[in-house]
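Notes for the one structure printed next.
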Amino acid sequence: MIVTLVSLLLCAAVVALTVSPLFRKGGNEPLGRGLEDDSPIRRWQEEKDRLTAQLRENDLALAEGRVDAAAHSSIAARLAADADHALVRLRRAREGLTPVAAETARRIRLPVAATAAVLVMAATYGVHAFASLGDIDRTRSPHANGEMPVNAAKGGASMPLGADGAPDIGAMVARLEARVNGGDYTPEDAAMLLRSYRALGRDADARALLPKAIKAFPDDMRLKLTFVETALGSSDPADLTEAKKMVAEMLAAQPDLPEARWYHSLFLVMEGHIDEARKELHALQPLVAKIPEAAKAVSSLLDRLDIPEHQQLPPK
């Protein structure tokens with residue numbers, strides 16, 4: 001709304017500056033005919049100057065003896081006749097001129113200029129409104145009035161909304177839990193619930209869900225990688241043993257899987273096989289060269305492995 005108001009004010013200012021000369025009295029006066037003025041008065045002025053110059057030249061010729069008195073009189077009479085004809089033409093031209101023409105034109109232009117200004121402003125507002133039809137209003141939730149329905153992970157049901165129109169995360173998690181506990185869920189449901197548990201700080205629930213989800217979807221790589229990541233932060237030896245087994249299975253199926261090789265290098269470090277870990281990390285570097293965060297993590301771990309053993313910190 002503020003952008004629309006500012007746009008209209010700027011448009012009004014531009015239109016006012018553009019049409020303001022039409023509303024000034026001096027702005028509607030005749031512009032003249034420029035350097036090549038062919039008006040009757042201008043032509044008569046030029047004719048008068050020409051005749052006056054020829055009369056002076058005729059008098060000078062008589063004084064210098066270049067013409068006699070008879071020739072001088074004849075030329076003077078002809079020039080006087082030309083002057084009379086020019087004067088008659090001037091009078092006729094003046095009779096056709098209307099002194100109120102400029103004022104009449106000004107009275108006609110004022111309403112036309114005002115109408116044009118209004119039309120320009122209306123057209124500008126219309127173009128602005130049409131161009132803004134597809135803009136996203138970031139001042140409100142698009143889910144508040146059902147304009148943009150939020151679909152749940154399955155079934156096309158809309159996500160529950162809170163009082164402010166925003167998605168209700170708690171209700172969504174409860175719905176996912178009910179689906180998982182009922183056994184009718186997909187790997188996407190399990191992955192979404194795991195992410196929700198982590199976002200809510202429910203790590204114990206995430207650790208309890210992982211084995212169940214992996215058992216239901218043994219071939220899902222995302223769930224296995226999530227289990228391995230969780231096991232690295234766990235103090236349960238059984239989890240670590242299972243995680244190592246999963247990493248070995250993933251490497252057997254996909255030898256160039258960057259995540260699997262990364263976790264394999266971490267297990268090698270934990271077991272004290274530093275040289276083997278270095279080889280694994282050097283082989284991993286070209287696989288993650290285009291992933292800045294992963295490349296930085298690999299490089300950082302290699303740098304730490306080059307530190308003398310008694311100065312090394314536990315790998316993260």
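By order in the structure tokens, chains are A, B, ...; within a chain, residues start at 1; ligands start at 1, following the order shown.
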
Next item on the list: Identify, on the basis of only C-alpha atoms, every residue whose closest approach to Ala238 (chain A) does not exceed 12 Å; exclude the query and any residue fewer than 6 positions from it along the same chain; express the result as an MDAnalysis selection string.
Entry: chainID A and resid 211 228 231:232 244:245

Margin query: For Leu200 (chain A), find every residue with an atom within 12 Å (counting only C-alpha atoms), except residues of its own chain fewer than 5 positions away, and show them as a PyMOL selection string.
Written below: chain A and resi 169-170+173+193-195+205-206

Select from region 136-305 of chain A everything DSSP, run on the backbone, classes as helix (DSSP H, G or I), then give the selection as a tab-separated table (two decimals) with C-alpha atoms, in the first residue's frame.
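Listed below is the output, states19.tsv:
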chain	number	residue	atom	x	y	z
A	169	ILE	CA	4.45	-27.17	13.76
A	170	GLY	CA	3.28	-28.95	16.90
A	171	ALA	CA	0.11	-30.22	15.22
A	172	MET	CA	2.11	-31.26	12.14
A	173	VAL	CA	4.55	-33.28	14.28
A	174	ALA	CA	1.65	-34.91	16.11
A	175	ARG	CA	0.09	-35.89	12.79
A	176	LEU	CA	3.37	-37.38	11.55
A	177	GLU	CA	3.84	-39.27	14.81
A	178	ALA	CA	0.37	-40.76	14.49
A	179	ARG	CA	1.11	-41.86	10.93
A	180	VAL	CA	4.48	-43.40	11.85
A	181	ASN	CA	3.09	-45.13	14.93
A	182	GLY	CA	0.26	-46.52	12.81
A	187	PRO	CA	10.58	-42.59	4.01
A	188	GLU	CA	9.73	-38.93	3.43
A	189	ASP	CA	7.43	-39.00	6.47
A	190	ALA	CA	10.21	-40.50	8.59
A	191	ALA	CA	12.81	-38.01	7.34
A	192	MET	CA	10.45	-35.07	7.99
A	193	LEU	CA	9.70	-36.31	11.50
A	194	LEU	CA	13.41	-36.75	12.24
A	195	ARG	CA	14.12	-33.19	11.09
A	196	SER	CA	11.24	-31.93	13.23
A	197	TYR	CA	12.55	-33.81	16.30
A	198	ARG	CA	15.98	-32.23	15.84
A	199	ALA	CA	14.52	-28.75	15.34
A	203	ASP	CA	17.00	-36.02	20.37
A	204	ALA	CA	15.83	-39.03	22.40
A	205	ASP	CA	12.75	-39.38	20.19
A	206	ALA	CA	14.92	-39.09	17.07
A	207	ARG	CA	17.27	-41.87	18.31
A	208	ALA	CA	14.27	-44.08	19.06
A	209	LEU	CA	12.72	-43.48	15.63
A	210	LEU	CA	15.85	-44.16	13.56
A	211	PRO	CA	16.18	-47.95	14.06
A	212	LYS	CA	12.47	-48.37	13.46
A	213	ALA	CA	12.58	-46.36	10.24
A	214	ILE	CA	15.68	-48.14	8.96
A	215	LYS	CA	14.08	-51.49	9.64
A	216	ALA	CA	10.98	-50.41	7.69
A	221	MET	CA	20.21	-44.05	2.04
A	222	ARG	CA	19.09	-40.88	3.83
A	223	LEU	CA	17.90	-42.76	6.89
A	224	LYS	CA	21.14	-44.75	7.07
A	225	LEU	CA	23.26	-41.60	6.88
A	226	THR	CA	21.13	-40.00	9.59
A	227	PHE	CA	21.65	-43.05	11.80
A	228	VAL	CA	25.43	-42.92	11.28
A	229	GLU	CA	25.55	-39.24	12.12
A	230	THR	CA	23.55	-39.83	15.29
A	231	ALA	CA	25.69	-42.82	16.29
A	232	LEU	CA	28.87	-40.72	16.11
A	237	PRO	CA	28.96	-49.02	21.51
A	238	ALA	CA	26.15	-50.98	19.84
A	239	ASP	CA	25.13	-47.90	17.85
A	240	LEU	CA	28.72	-47.36	16.68
A	241	THR	CA	29.05	-50.99	15.63
A	242	GLU	CA	25.83	-50.81	13.66
A	243	ALA	CA	26.90	-47.50	12.10
A	244	LYS	CA	30.23	-48.98	10.92
A	245	LYS	CA	28.35	-51.87	9.38
A	246	MET	CA	26.04	-49.48	7.54
A	247	VAL	CA	28.97	-47.43	6.21
A	248	ALA	CA	30.66	-50.61	4.92
A	249	GLU	CA	27.44	-51.64	3.17
A	250	MET	CA	27.04	-48.20	1.60
A	251	LEU	CA	30.66	-48.21	0.36
A	252	ALA	CA	30.16	-51.66	-1.13
A	253	ALA	CA	27.07	-50.44	-2.99
A	258	PRO	CA	31.01	-38.79	-0.45
A	259	GLU	CA	29.03	-39.09	2.79
A	260	ALA	CA	29.96	-42.74	3.25
A	261	ARG	CA	33.68	-42.08	2.61
A	262	TRP	CA	33.61	-39.15	5.04
A	263	TYR	CA	32.12	-41.24	7.86
A	264	HIS	CA	34.53	-44.07	7.01
A	265	SER	CA	37.47	-41.67	7.46
A	266	LEU	CA	36.07	-40.58	10.85
A	267	PHE	CA	35.81	-44.18	12.03
A	268	LEU	CA	39.41	-44.77	10.91
A	269	VAL	CA	40.54	-41.77	12.96
A	270	MET	CA	38.60	-43.02	16.00
A	274	ILE	CA	45.68	-42.22	10.85
A	275	ASP	CA	47.54	-43.08	7.63
A	276	GLU	CA	44.54	-44.91	6.24
A	277	ALA	CA	42.33	-41.98	7.23
A	278	ARG	CA	44.62	-39.58	5.35
A	279	LYS	CA	44.44	-41.74	2.21
A	280	GLU	CA	40.65	-41.85	2.47
A	281	LEU	CA	40.41	-38.08	2.89
A	282	HIS	CA	42.77	-37.42	-0.03
A	283	ALA	CA	40.59	-39.66	-2.20
A	284	LEU	CA	37.50	-37.79	-0.96
A	285	GLN	CA	38.80	-34.31	-1.81
A	286	PRO	CA	38.06	-34.39	-5.58
A	287	LEU	CA	34.59	-35.78	-4.89
A	288	VAL	CA	33.62	-32.75	-2.78
A	292	PRO	CA	32.47	-25.59	-0.39
A	293	GLU	CA	31.39	-26.68	3.11
A	294	ALA	CA	32.31	-30.33	2.55
A	295	ALA	CA	35.65	-29.42	0.95
A	296	LYS	CA	36.44	-27.16	3.92
A	297	ALA	CA	35.61	-29.94	6.40
A	298	VAL	CA	37.85	-32.44	4.59
A	299	SER	CA	40.73	-29.97	4.36
A	300	SER	CA	40.36	-29.03	8.03
A	301	LEU	CA	40.48	-32.66	9.18
A	302	LEU	CA	43.56	-33.32	7.04
A	303	ASP	CA	45.30	-30.33	8.62
A	304	ARG	CA	44.50	-31.67	12.09
A	305	LEU	CA	45.81	-35.11	11.20

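Minimum atom-to-atom distance to Ala114 (chain A), evaluated using only C-alpha atoms, belongs to A:Ala16 out of A:Leu62, A:Leu9, A:Ala16, A:Ala289.
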